[in-house]
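Asks: Contents of run27.cif (mmCIF, C-alpha atoms and all ligand atoms):
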data_query
loop_
_atom_site.label_atom_id
_atom_site.label_comp_id
_atom_site.auth_asym_id
_atom_site.auth_seq_id
_atom_site.Cartn_x
_atom_site.Cartn_y
_atom_site.Cartn_z
CA MET A 1 -15.75 -11.73 48.89
CA LYS A 2 -15.62 -10.10 45.45
CA ASN A 3 -15.65 -6.32 44.96
CA PHE A 4 -18.08 -6.45 42.07
CA HIS A 5 -21.45 -7.92 41.15
CA THR A 6 -21.90 -9.31 37.70
CA ALA A 7 -25.60 -8.36 37.87
CA ASN A 8 -24.71 -4.63 37.88
CA PRO A 9 -24.59 -3.00 34.45
CA GLU A 10 -21.32 -1.40 33.36
CA MET A 11 -21.75 2.35 33.83
CA GLU A 12 -19.82 3.18 30.64
CA THR A 13 -22.28 1.25 28.56
CA ALA A 14 -25.43 2.46 30.33
CA ILE A 15 -27.67 4.77 28.32
CA ASP A 16 -27.03 8.44 29.12
CA ARG A 17 -30.50 10.00 29.45
CA SER A 18 -29.06 13.56 29.38
CA ILE A 19 -28.36 13.18 25.67
CA PRO A 20 -31.41 14.07 23.55
CA ASP A 21 -32.72 11.43 21.18
CA PHE A 22 -31.31 11.63 17.67
CA PRO A 23 -32.20 9.35 14.82
CA ALA A 24 -29.67 6.54 14.84
CA ALA A 25 -26.76 7.41 12.57
CA GLN A 26 -26.44 5.13 9.57
CA LEU A 27 -23.17 3.29 9.51
CA SER A 28 -21.27 3.64 6.27
CA ASP A 29 -20.05 0.48 4.52
CA GLU A 30 -16.52 1.29 5.69
CA ASP A 31 -17.58 1.67 9.34
CA LYS A 32 -19.61 -1.53 9.11
CA TYR A 33 -16.55 -3.31 7.80
CA PHE A 34 -14.46 -2.34 10.83
CA LYS A 35 -17.36 -3.14 13.19
CA HIS A 36 -17.68 -6.68 11.86
CA HIS A 37 -14.04 -7.59 11.27
CA LYS A 38 -11.41 -8.03 13.95
CA PRO A 39 -8.12 -6.13 13.75
CA PRO A 40 -4.92 -8.16 13.50
CA SER A 41 -3.53 -8.87 16.98
CA TYR A 42 -0.14 -7.32 16.20
CA LEU A 43 -1.61 -3.92 15.22
CA PRO A 44 -0.56 -2.06 18.42
CA GLU A 45 3.05 -3.07 17.75
CA ILE A 46 2.92 -1.60 14.26
CA GLU A 47 1.21 1.50 15.56
CA SER A 48 4.03 2.22 17.98
CA GLU A 49 6.75 1.58 15.36
CA VAL A 50 5.08 3.89 12.85
CA LYS A 51 4.50 6.58 15.48
CA ASP A 52 8.19 6.58 16.45
CA PHE A 53 9.21 6.78 12.79
CA ILE A 54 6.89 9.70 12.03
CA GLU A 55 7.85 11.58 15.19
CA TYR A 56 11.55 11.14 14.41
CA HIS A 57 11.16 12.62 10.93
CA LYS A 58 8.86 15.36 12.16
CA SER A 59 11.22 16.54 14.88
CA THR A 60 14.69 15.57 13.61
CA SER A 61 15.10 15.01 9.87
CA HIS A 62 12.17 17.23 8.76
CA LYS A 63 11.77 15.02 5.69
CA ASN A 64 8.49 14.63 3.83
CA ILE A 65 7.00 11.19 4.45
CA VAL A 66 5.50 8.95 1.79
CA LEU A 67 3.39 5.88 2.44
CA VAL A 68 4.00 3.48 -0.44
CA THR A 69 1.61 0.51 -0.62
CA SER A 70 2.84 -2.43 -2.63
CA GLY A 71 1.94 -5.94 -3.74
CA GLY A 72 -1.37 -7.77 -3.75
CA THR A 73 -3.71 -8.51 -0.84
CA THR A 74 -5.03 -12.04 -0.32
CA VAL A 75 -8.58 -13.14 0.43
CA PRO A 76 -8.57 -16.21 2.71
CA LEU A 77 -11.34 -18.77 2.17
CA GLU A 78 -10.78 -20.51 5.52
CA ASN A 79 -9.85 -19.25 8.97
CA ASN A 80 -7.05 -21.78 9.30
CA THR A 81 -6.02 -20.75 5.84
CA VAL A 82 -5.11 -23.42 3.35
CA ARG A 83 -6.74 -21.74 0.36
CA PHE A 84 -6.91 -18.09 -0.57
CA ILE A 85 -7.54 -15.85 -3.59
CA ASP A 86 -4.55 -13.82 -4.73
CA ASN A 87 -3.56 -11.52 -7.59
CA PHE A 88 -0.64 -11.07 -9.96
CA SER A 89 1.25 -8.20 -8.31
CA ALA A 90 4.84 -8.96 -7.30
CA GLY A 91 5.31 -5.46 -5.88
CA THR A 92 7.70 -4.22 -8.56
CA ARG A 93 6.06 -0.80 -8.91
CA GLY A 94 6.00 -0.21 -5.16
CA ALA A 95 9.52 -1.45 -4.37
CA THR A 96 11.08 0.44 -7.27
CA SER A 97 9.17 3.64 -6.49
CA ALA A 98 10.24 3.46 -2.84
CA GLU A 99 13.90 3.57 -3.90
CA TYR A 100 13.36 6.69 -6.01
CA PHE A 101 11.49 8.41 -3.18
CA LEU A 102 14.40 7.66 -0.86
CA GLU A 103 16.89 9.01 -3.41
CA ASN A 104 14.81 12.18 -3.62
CA GLY A 105 15.01 12.80 0.12
CA TYR A 106 11.75 11.29 1.36
CA ALA A 107 11.26 9.04 4.38
CA VAL A 108 9.32 5.97 3.24
CA ILE A 109 6.81 3.80 5.06
CA PHE A 110 6.66 0.71 2.85
CA LEU A 111 3.38 -1.13 3.45
CA HIS A 112 3.90 -4.29 1.47
CA ARG A 113 2.68 -7.82 0.95
CA GLU A 114 4.99 -10.01 3.02
CA PHE A 115 7.54 -11.83 0.80
CA SER A 116 6.86 -9.57 -2.19
CA LEU A 117 9.68 -7.43 -3.63
CA LEU A 118 11.46 -5.03 -1.26
CA PRO A 119 13.47 -1.90 -2.06
CA TYR A 120 17.14 -2.76 -2.79
CA SER A 121 16.89 -6.53 -2.24
CA ARG A 122 14.53 -6.62 -5.27
CA HIS A 123 17.63 -6.43 -7.49
CA TYR A 124 18.65 -9.89 -6.30
CA SER A 125 15.40 -11.73 -5.63
CA HIS A 126 12.53 -13.06 -7.75
CA THR A 127 14.91 -12.90 -10.74
CA THR A 128 15.99 -15.81 -12.91
CA ASN A 129 19.23 -15.90 -10.91
CA CYS A 130 19.63 -17.73 -7.65
CA PHE A 131 21.43 -15.45 -5.13
CA LEU A 132 24.35 -17.90 -5.19
CA ASP A 133 24.91 -16.98 -8.85
CA TYR A 134 26.12 -13.58 -7.61
CA MET A 135 28.93 -15.29 -5.65
CA THR A 136 32.16 -16.90 -6.64
CA GLU A 137 34.77 -18.99 -4.83
CA VAL A 138 38.28 -17.58 -4.52
CA ASN A 139 40.94 -19.37 -2.39
CA ASP A 140 38.35 -21.27 -0.36
CA LYS A 141 36.42 -18.05 0.35
CA VAL A 142 33.16 -16.68 -1.00
CA GLU A 143 33.37 -13.40 -2.87
CA ILE A 144 31.01 -11.35 -5.02
CA ASN A 145 31.31 -12.34 -8.66
CA PRO A 146 33.20 -9.39 -10.31
CA THR A 147 30.58 -9.29 -13.11
CA PHE A 148 28.03 -8.01 -10.58
CA ALA A 149 30.30 -6.25 -8.06
CA ASP A 150 30.18 -2.67 -9.41
CA GLU A 151 26.42 -2.65 -9.73
CA MET A 152 26.03 -4.27 -6.30
CA LEU A 153 28.25 -1.64 -4.67
CA ILE A 154 25.94 1.11 -5.92
CA VAL A 155 22.86 -0.68 -4.56
CA LEU A 156 24.63 -1.48 -1.27
CA ARG A 157 25.55 2.18 -0.71
CA LYS A 158 21.98 3.35 -1.31
CA TYR A 159 20.60 0.63 0.97
CA LYS A 160 23.01 1.54 3.78
CA GLN A 161 22.23 5.22 3.39
CA ALA A 162 18.49 4.50 3.73
CA LYS A 163 19.10 2.32 6.80
CA GLU A 164 21.56 4.59 8.57
CA SER A 165 19.33 7.64 8.13
CA ASN A 166 16.35 5.65 9.48
CA SER A 167 14.46 6.59 6.31
CA LEU A 168 12.83 3.27 5.43
CA LEU A 169 10.24 1.50 7.56
CA LEU A 170 8.99 -1.89 6.33
CA ILE A 171 5.45 -2.85 7.37
CA PRO A 172 4.02 -6.15 6.07
CA PHE A 173 0.48 -7.37 5.34
CA THR A 174 -0.92 -10.50 3.72
CA THR A 175 -4.72 -10.42 3.81
CA VAL A 176 -7.00 -7.62 2.69
CA ASN A 177 -8.23 -7.29 6.30
CA GLN A 178 -4.69 -6.74 7.58
CA TYR A 179 -4.08 -4.23 4.79
CA LEU A 180 -7.20 -2.18 5.57
CA TYR A 181 -6.61 -2.01 9.33
CA THR A 182 -2.94 -1.14 8.89
CA LEU A 183 -3.70 1.48 6.25
CA ARG A 184 -6.14 3.15 8.62
CA VAL A 185 -3.70 3.24 11.53
CA ILE A 186 -0.84 4.61 9.44
CA SER A 187 -3.07 7.19 7.74
CA GLU A 188 -4.32 8.54 11.03
CA LEU A 189 -0.79 8.77 12.41
CA LEU A 190 0.40 10.59 9.29
CA GLN A 191 -1.94 13.44 10.20
CA LEU A 192 0.91 14.43 12.55
CA VAL A 193 2.81 15.81 9.54
CA GLY A 194 -0.18 17.29 7.70
CA LYS A 195 0.60 18.28 4.10
CA LYS A 196 4.09 16.79 4.29
CA ALA A 197 2.46 13.36 4.01
CA LEU A 198 2.10 11.72 0.61
CA PHE A 199 0.11 8.57 -0.13
CA TYR A 200 1.26 6.51 -3.11
CA LEU A 201 -1.21 3.64 -3.30
CA ALA A 202 0.33 1.13 -5.70
CA ALA A 203 -0.94 -2.02 -3.97
CA ALA A 204 -3.36 -4.22 -5.88
CA VAL A 205 -6.18 -4.37 -3.35
CA SER A 206 -8.82 -7.11 -3.65
CA ASP A 207 -12.21 -5.84 -4.74
CA PHE A 208 -14.04 -8.83 -3.22
CA PHE A 209 -13.63 -10.72 0.05
CA LEU A 210 -15.22 -13.39 2.23
CA PRO A 211 -16.60 -11.82 5.46
CA GLN A 212 -15.35 -13.32 8.74
CA SER A 213 -18.95 -14.21 9.65
CA ARG A 214 -19.13 -16.65 6.73
CA MET A 215 -15.61 -17.99 6.88
CA PRO A 216 -15.29 -21.68 7.86
CA THR A 217 -12.82 -22.38 10.67
CA HIS A 218 -11.21 -25.36 9.03
CA LYS A 219 -10.13 -26.47 5.59
CA ILE A 220 -13.08 -26.81 3.20
CA GLN A 221 -13.68 -30.54 2.57
CA SER A 222 -14.13 -31.54 -1.05
CA GLN A 223 -16.51 -34.43 -0.14
CA GLU A 224 -18.90 -32.00 1.61
CA SER A 225 -19.12 -29.57 -1.32
CA GLY A 226 -20.45 -32.18 -3.78
CA GLY A 227 -17.49 -31.86 -6.11
CA LYS A 228 -18.04 -28.11 -6.62
CA LEU A 229 -16.78 -25.09 -4.71
CA GLU A 230 -19.10 -22.12 -4.94
CA VAL A 231 -17.70 -18.99 -3.37
CA ASN A 232 -19.98 -16.08 -2.53
CA LEU A 233 -17.89 -12.93 -2.02
CA ASP A 234 -18.88 -9.45 -0.81
CA GLN A 235 -17.51 -6.23 -2.25
CA VAL A 236 -14.69 -4.60 -0.29
CA PRO A 237 -15.87 -1.08 0.61
CA LYS A 238 -14.09 1.72 -1.25
CA PHE A 239 -11.82 2.97 1.49
CA LEU A 240 -10.34 5.70 -0.63
CA SER A 241 -13.17 8.09 0.24
CA ARG A 242 -12.60 7.48 3.98
CA LEU A 243 -8.89 8.07 3.48
CA VAL A 244 -9.43 11.36 1.64
CA ASP A 245 -12.17 12.73 3.91
CA ASN A 246 -11.35 11.43 7.38
CA TRP A 247 -8.12 9.54 7.84
CA ALA A 248 -5.71 11.90 6.07
CA PRO A 249 -7.53 15.05 4.95
CA SER A 250 -4.38 17.21 4.59
CA ALA A 251 -2.19 14.74 2.73
CA LEU A 252 -1.65 14.46 -1.02
CA ILE A 253 -3.21 11.23 -2.23
CA VAL A 254 -2.10 9.41 -5.36
CA SER A 255 -4.00 6.28 -6.35
CA PHE A 256 -3.38 3.90 -9.24
CA LYS A 257 -5.86 2.62 -11.77
CA LEU A 258 -5.07 -0.68 -13.43
CA GLU A 259 -6.93 -1.78 -16.54
CA THR A 260 -6.34 -4.25 -19.34
CA ASP A 261 -8.49 -2.39 -21.93
CA ARG A 262 -6.81 0.83 -23.14
CA SER A 263 -10.10 2.34 -24.33
CA ILE A 264 -11.51 2.67 -20.79
CA LEU A 265 -8.38 3.61 -18.80
CA ILE A 266 -8.74 7.41 -18.85
CA LYS A 267 -12.48 7.29 -18.21
CA LYS A 268 -11.98 5.01 -15.20
CA ALA A 269 -9.22 7.24 -13.84
CA LYS A 270 -11.45 10.32 -14.15
CA THR A 271 -14.34 8.50 -12.48
CA ALA A 272 -12.06 7.66 -9.54
CA LEU A 273 -11.05 11.32 -9.21
CA GLU A 274 -14.67 12.45 -9.23
CA ARG A 275 -15.76 9.77 -6.78
CA TYR A 276 -12.99 10.19 -4.23
CA GLN A 277 -12.07 13.85 -4.79
CA HIS A 278 -8.34 13.26 -4.42
CA GLN A 279 -5.48 14.82 -6.33
CA LEU A 280 -3.91 12.39 -8.78
CA VAL A 281 -4.63 9.05 -10.42
CA ILE A 282 -1.83 7.25 -12.21
CA GLY A 283 -3.32 5.00 -14.87
CA ASN A 284 -1.54 1.95 -16.20
CA LEU A 285 -2.28 -1.05 -18.38
CA LEU A 286 -1.31 -4.52 -17.30
CA GLN A 287 0.43 -5.16 -20.61
CA THR A 288 2.51 -1.94 -20.80
CA ARG A 289 2.83 -0.86 -17.16
CA LYS A 290 6.63 -0.99 -17.19
CA LYS A 291 6.88 1.31 -20.25
CA GLU A 292 4.11 3.90 -19.92
CA VAL A 293 1.71 5.43 -17.40
CA VAL A 294 -0.71 8.33 -17.55
CA PHE A 295 -1.19 11.06 -14.93
CA VAL A 296 -4.81 12.17 -14.64
CA ARG A 297 -5.58 15.20 -12.45
CA PRO A 298 -8.78 17.06 -11.65
CA GLN A 299 -9.56 20.15 -13.71
CA LYS A 300 -6.16 20.62 -15.28
CA ASP A 301 -5.87 21.84 -18.90
CA ASP A 302 -3.29 19.14 -19.48
CA ASP A 303 -5.33 16.64 -17.49
CA GLU A 304 -3.82 13.61 -19.24
CA GLN A 305 -0.07 13.50 -19.12
CA TRP A 306 1.57 10.36 -20.50
CA ILE A 307 5.00 9.35 -19.25
CA ARG A 308 6.72 6.94 -21.62
CA LEU A 309 10.12 5.36 -21.89
CA ASN A 310 11.69 5.89 -25.32
CA ASP A 311 13.49 3.10 -27.18
CA ASP A 312 16.94 4.16 -25.94
CA GLN A 313 15.71 4.19 -22.36
CA ILE A 314 14.13 0.76 -22.77
CA SER A 315 17.31 -0.74 -24.22
CA SER A 316 19.43 0.76 -21.43
CA ASN A 317 17.05 -0.60 -18.74
CA VAL A 318 15.87 2.78 -17.43
CA GLU A 319 13.07 2.19 -14.92
CA ILE A 320 9.88 4.14 -15.55
CA GLU A 321 9.64 4.90 -11.82
CA SER A 322 12.77 7.10 -12.22
CA LEU A 323 10.55 9.35 -14.38
CA ILE A 324 7.32 8.97 -12.38
CA ILE A 325 8.63 9.86 -8.92
CA PRO A 326 10.12 13.32 -9.73
CA GLN A 327 6.76 14.25 -11.33
CA VAL A 328 4.81 13.03 -8.29
CA ILE A 329 7.15 15.00 -6.03
CA LYS A 330 6.48 18.16 -8.08
CA VAL A 331 2.75 17.70 -7.53
CA HIS A 332 3.41 17.19 -3.80
CA GLU A 333 5.57 20.32 -3.58
CA ASP A 334 2.80 22.36 -5.20
CA TRP A 335 0.36 20.83 -2.72
CA ILE A 336 2.56 21.83 0.22
CA ASN A 337 2.97 25.37 -1.19
CA GLY A 338 -0.77 25.62 -1.75
CA ASP A 339 -0.47 25.95 -5.56
CA ASN A 340 -2.83 23.08 -6.37
O1 LIG B 401 3.35 -5.02 -8.69
P1 LIG B 401 3.49 -4.74 -10.16
O2 LIG B 401 3.58 -5.98 -10.98
O3 LIG B 401 4.62 -3.77 -10.44
O4 LIG B 401 2.14 -4.02 -10.63
C1 LIG B 401 1.87 -2.72 -10.25
C2 LIG B 401 0.34 -2.45 -10.31
C3 LIG B 401 -0.15 -2.65 -11.71
C4 LIG B 401 -0.37 -3.38 -9.33
C5 LIG B 401 0.14 -0.95 -9.85
O5 LIG B 401 0.80 -0.10 -10.74
C6 LIG B 401 -1.34 -0.60 -9.78
O6 LIG B 401 -1.98 -0.25 -10.75
N1 LIG B 401 -1.93 -0.70 -8.55
C7 LIG B 401 -3.37 -0.48 -8.29
C8 LIG B 401 -4.17 -1.66 -8.74
C9 LIG B 401 -5.54 -1.65 -8.16
O7 LIG B 401 -5.78 -2.23 -7.16
O8 LIG B 401 -6.44 -0.92 -8.79
P2 LIG B 401 -7.99 -0.83 -8.29
O9 LIG B 401 -8.73 -0.38 -9.46
O10 LIG B 401 -8.45 -2.10 -7.66
O11 LIG B 401 -7.95 0.26 -7.14
C10 LIG B 401 -7.74 1.62 -7.44
C11 LIG B 401 -7.19 2.33 -6.21
O12 LIG B 401 -8.20 2.32 -5.19
C12 LIG B 401 -5.93 1.71 -5.67
O13 LIG B 401 -4.96 2.73 -5.56
C13 LIG B 401 -6.32 1.13 -4.31
O14 LIG B 401 -5.35 1.43 -3.34
C14 LIG B 401 -7.65 1.85 -3.98
N2 LIG B 401 -8.64 0.95 -3.36
C15 LIG B 401 -8.97 -0.23 -3.94
C16 LIG B 401 -9.90 -1.08 -3.35
C17 LIG B 401 -10.49 -0.67 -2.13
N3 LIG B 401 -11.36 -1.44 -1.51
N4 LIG B 401 -10.16 0.50 -1.56
C18 LIG B 401 -9.28 1.32 -2.17
O15 LIG B 401 -9.02 2.38 -1.65
#
Step by step, read the file and then write its structure as structure tokens.
Ligand code: PMT
Replies:
Amino acid sequence: MKNFHTANPEMETAIDRSIPDFPAAQLSDEDKYFKHHKPPSYLPEIESEVKDFIEYHKSTSHKNIVLVTSGGTTVPLENNTVRFIDNFSAGTRGATSAEYFLENGYAVIFLHREFSLLPYSRHYSHTTNCFLDYMTEVNDKVEINPTFADEMLIVLRKYKQAKESNSLLLIPFTTVNQYLYTLRVISELLQLVGKKALFYLAAAVSDFFLPQSRMPTHKIQSQESGGKLEVNLDQVPKFLSRLVDNWAPSALIVSFKLETDRSILIKKAKTALERYQHQLVIGNLLQTRKKEVVFVRPQKDDDEQWIRLNDDQISSNVEIESLIIPQVIKVHEDWINGDN
């Protein structure tokens, strides 16, 4: 005989009559999104890894922690995904910035598009060289080609330092759904370190997506679509306001604004600041993003601060992130000291 009857209602879900009637709360677009979209199955694993990382730095290293988001999210068109919408980002900004944060004493959670550029290994991948070009054969053994050895030693030392001090945690995503769920989990955990948390949102997040309710299970068949594929996408809710107000209210939040038309960049950056009420927008243009960016901050006299590489810096391959990160850290230090 069974110990339960399926005809009995679950007590936890029964209506509690002791609670007075309130008008039903309206769900925000962000809440609706999470209600109607399933979390990735591996999320609890990530949650526990991130929690351990944050607790270690809170109790042992006392480092500030930055969440760097990097690379582009995909929008699958089928559940068993053959086709998806993607964007241009290779994750250069994020991977490069992560290295400069590490060099400046931060612990880094690197939330990145899987197989996009990673800190340190970026120097040897996605380039015109094959990794074997960095090797040479000497007496039947493989060695590092001396042309690259000095440079590689510097990168190797920094990489080992980051690893040995447990300062770099790599967390992957591919789809926009995975990104949003993972961002929420990490943000909520970062509340553990309050103002010592910094968000540096360099990922290129899709603005449109296909809801799970309308997603076909199998590969779309060309015969069935009459020779045309019409895709009807919904807008991805603007999660930045949730992040600022609920998920990480004490942290310093830096978002990026990407445009291709210079004449609207500052206006769009200011609109983002007004809409989300966060602390800093870094504006960049697709065409010049590796040479110049602009810091836009709320109600500052110098509310547009351009950071540009000069000709000497460009010819000696200085990376603009080596100038951006110390400035971002200054803003974060002021935030921690309450001078903002
Ligand atoms: O990878 P690279 O080639 O180096 O390129 C780097 C970059 C140009 C991608 C990077 O510097 C950059 O500008 N990233 C942000 C691009 C972007 O997605 O902009 P957006 O206008 O869509 O979003 C603005 C901000 O709002 C972003 O920081 C994003 O995290 C956030 N956002 C976006 C959509 C959404 N639904 N919720 C959000 O919170």
Asks: Within 9 Å of ligand LIG 401 (chain B) (counting only C-alpha atoms and all ligand atoms), which residues show up? I'd like them as an MDAnalysis selection string.
Replies: chainID A and resid 69:72 87:96 116:117 176 180 200:208 235:243 254:259 268:269 272 281:286 289:290 293
Asks: Figure out the distance between CA of Lys63 in chain A and CA of Gly105 in chain A, please, to one decimal in Å.
Replies: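 One can read the CA of Gly105 in chain A to CA of Lys63 in chain A distance as 6.8 Å.
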Asks: Using all atoms listed in the file, find the one residue out of A:Leu156, A:Ala98, A:Ala251, A:Leu192 that sits nearest to Ile324 in chain A.
Replies: A:Ala98
Asks: Compile the contact shell of Ser250 in chain A as an MDAnalysis selection string: residues with an atom at most 12 Å away, counting all atoms listed in the file, same-chain residues fewer than 3 positions apart removed.
Replies: chainID A and resid 187:188 190:199 243:247 253 278:279 332 335:336 338
Asks: Which distance in Å separates CA of Tyr33 in chain A and CA of Leu169 in chain A, to one decimal?
Replies: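 Pair CA of Tyr33 in chain A / CA of Leu169 in chain A returns 27.2 Å.
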Asks: Please compute the CA of Ser125 in chain A-CA of Ile314 in chain A distance, one decimal, in Å.
Replies: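 Value for the CA of Ser125 in chain A-CA of Ile314 in chain A distance: 21.2 Å.
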Asks: Please determine, counting all atoms listed in the file, which residue among A:Lys228, A:Lys141, A:His126, A:Arg113 has the shortest atom-to-atom distance to Thr174 in chain A.
Replies: A:Arg113
Asks: Just checking: using only C-alpha atoms, which residue out of A:Leu132, A:Leu77, A:Leu309, A:Val66 ends up closest to Thr217 in chain A?
Replies: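 Result for the nearest residue to Thr217 in chain A: A:Leu77.
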Asks: Which polymer residues, whether protein, DNA or RNA, lie within 9 Å of the coordinate (13.3, -1.1, -1.6) when you count all atoms listed in the file? List them as a tab-separated table (two decimals) with C-alpha atoms, in the coordinates of the input, using the chain letters and numbers from the file.
Replies:
chain	number	residue	atom	x	y	z
A	94	GLY	CA	6.00	-0.21	-5.16
A	95	ALA	CA	9.52	-1.45	-4.37
A	96	THR	CA	11.08	0.44	-7.27
A	97	SER	CA	9.17	3.64	-6.49
A	98	ALA	CA	10.24	3.46	-2.84
A	99	GLU	CA	13.90	3.57	-3.90
A	100	TYR	CA	13.36	6.69	-6.01
A	102	LEU	CA	14.40	7.66	-0.86
A	110	PHE	CA	6.66	0.71	2.85
A	117	LEU	CA	9.68	-7.43	-3.63
A	118	LEU	CA	11.46	-5.03	-1.26
A	119	PRO	CA	13.47	-1.90	-2.06
A	120	TYR	CA	17.14	-2.76	-2.79
A	121	SER	CA	16.89	-6.53	-2.24
A	122	ARG	CA	14.53	-6.62	-5.27
A	159	TYR	CA	20.60	0.63	0.97
A	168	LEU	CA	12.83	3.27	5.43
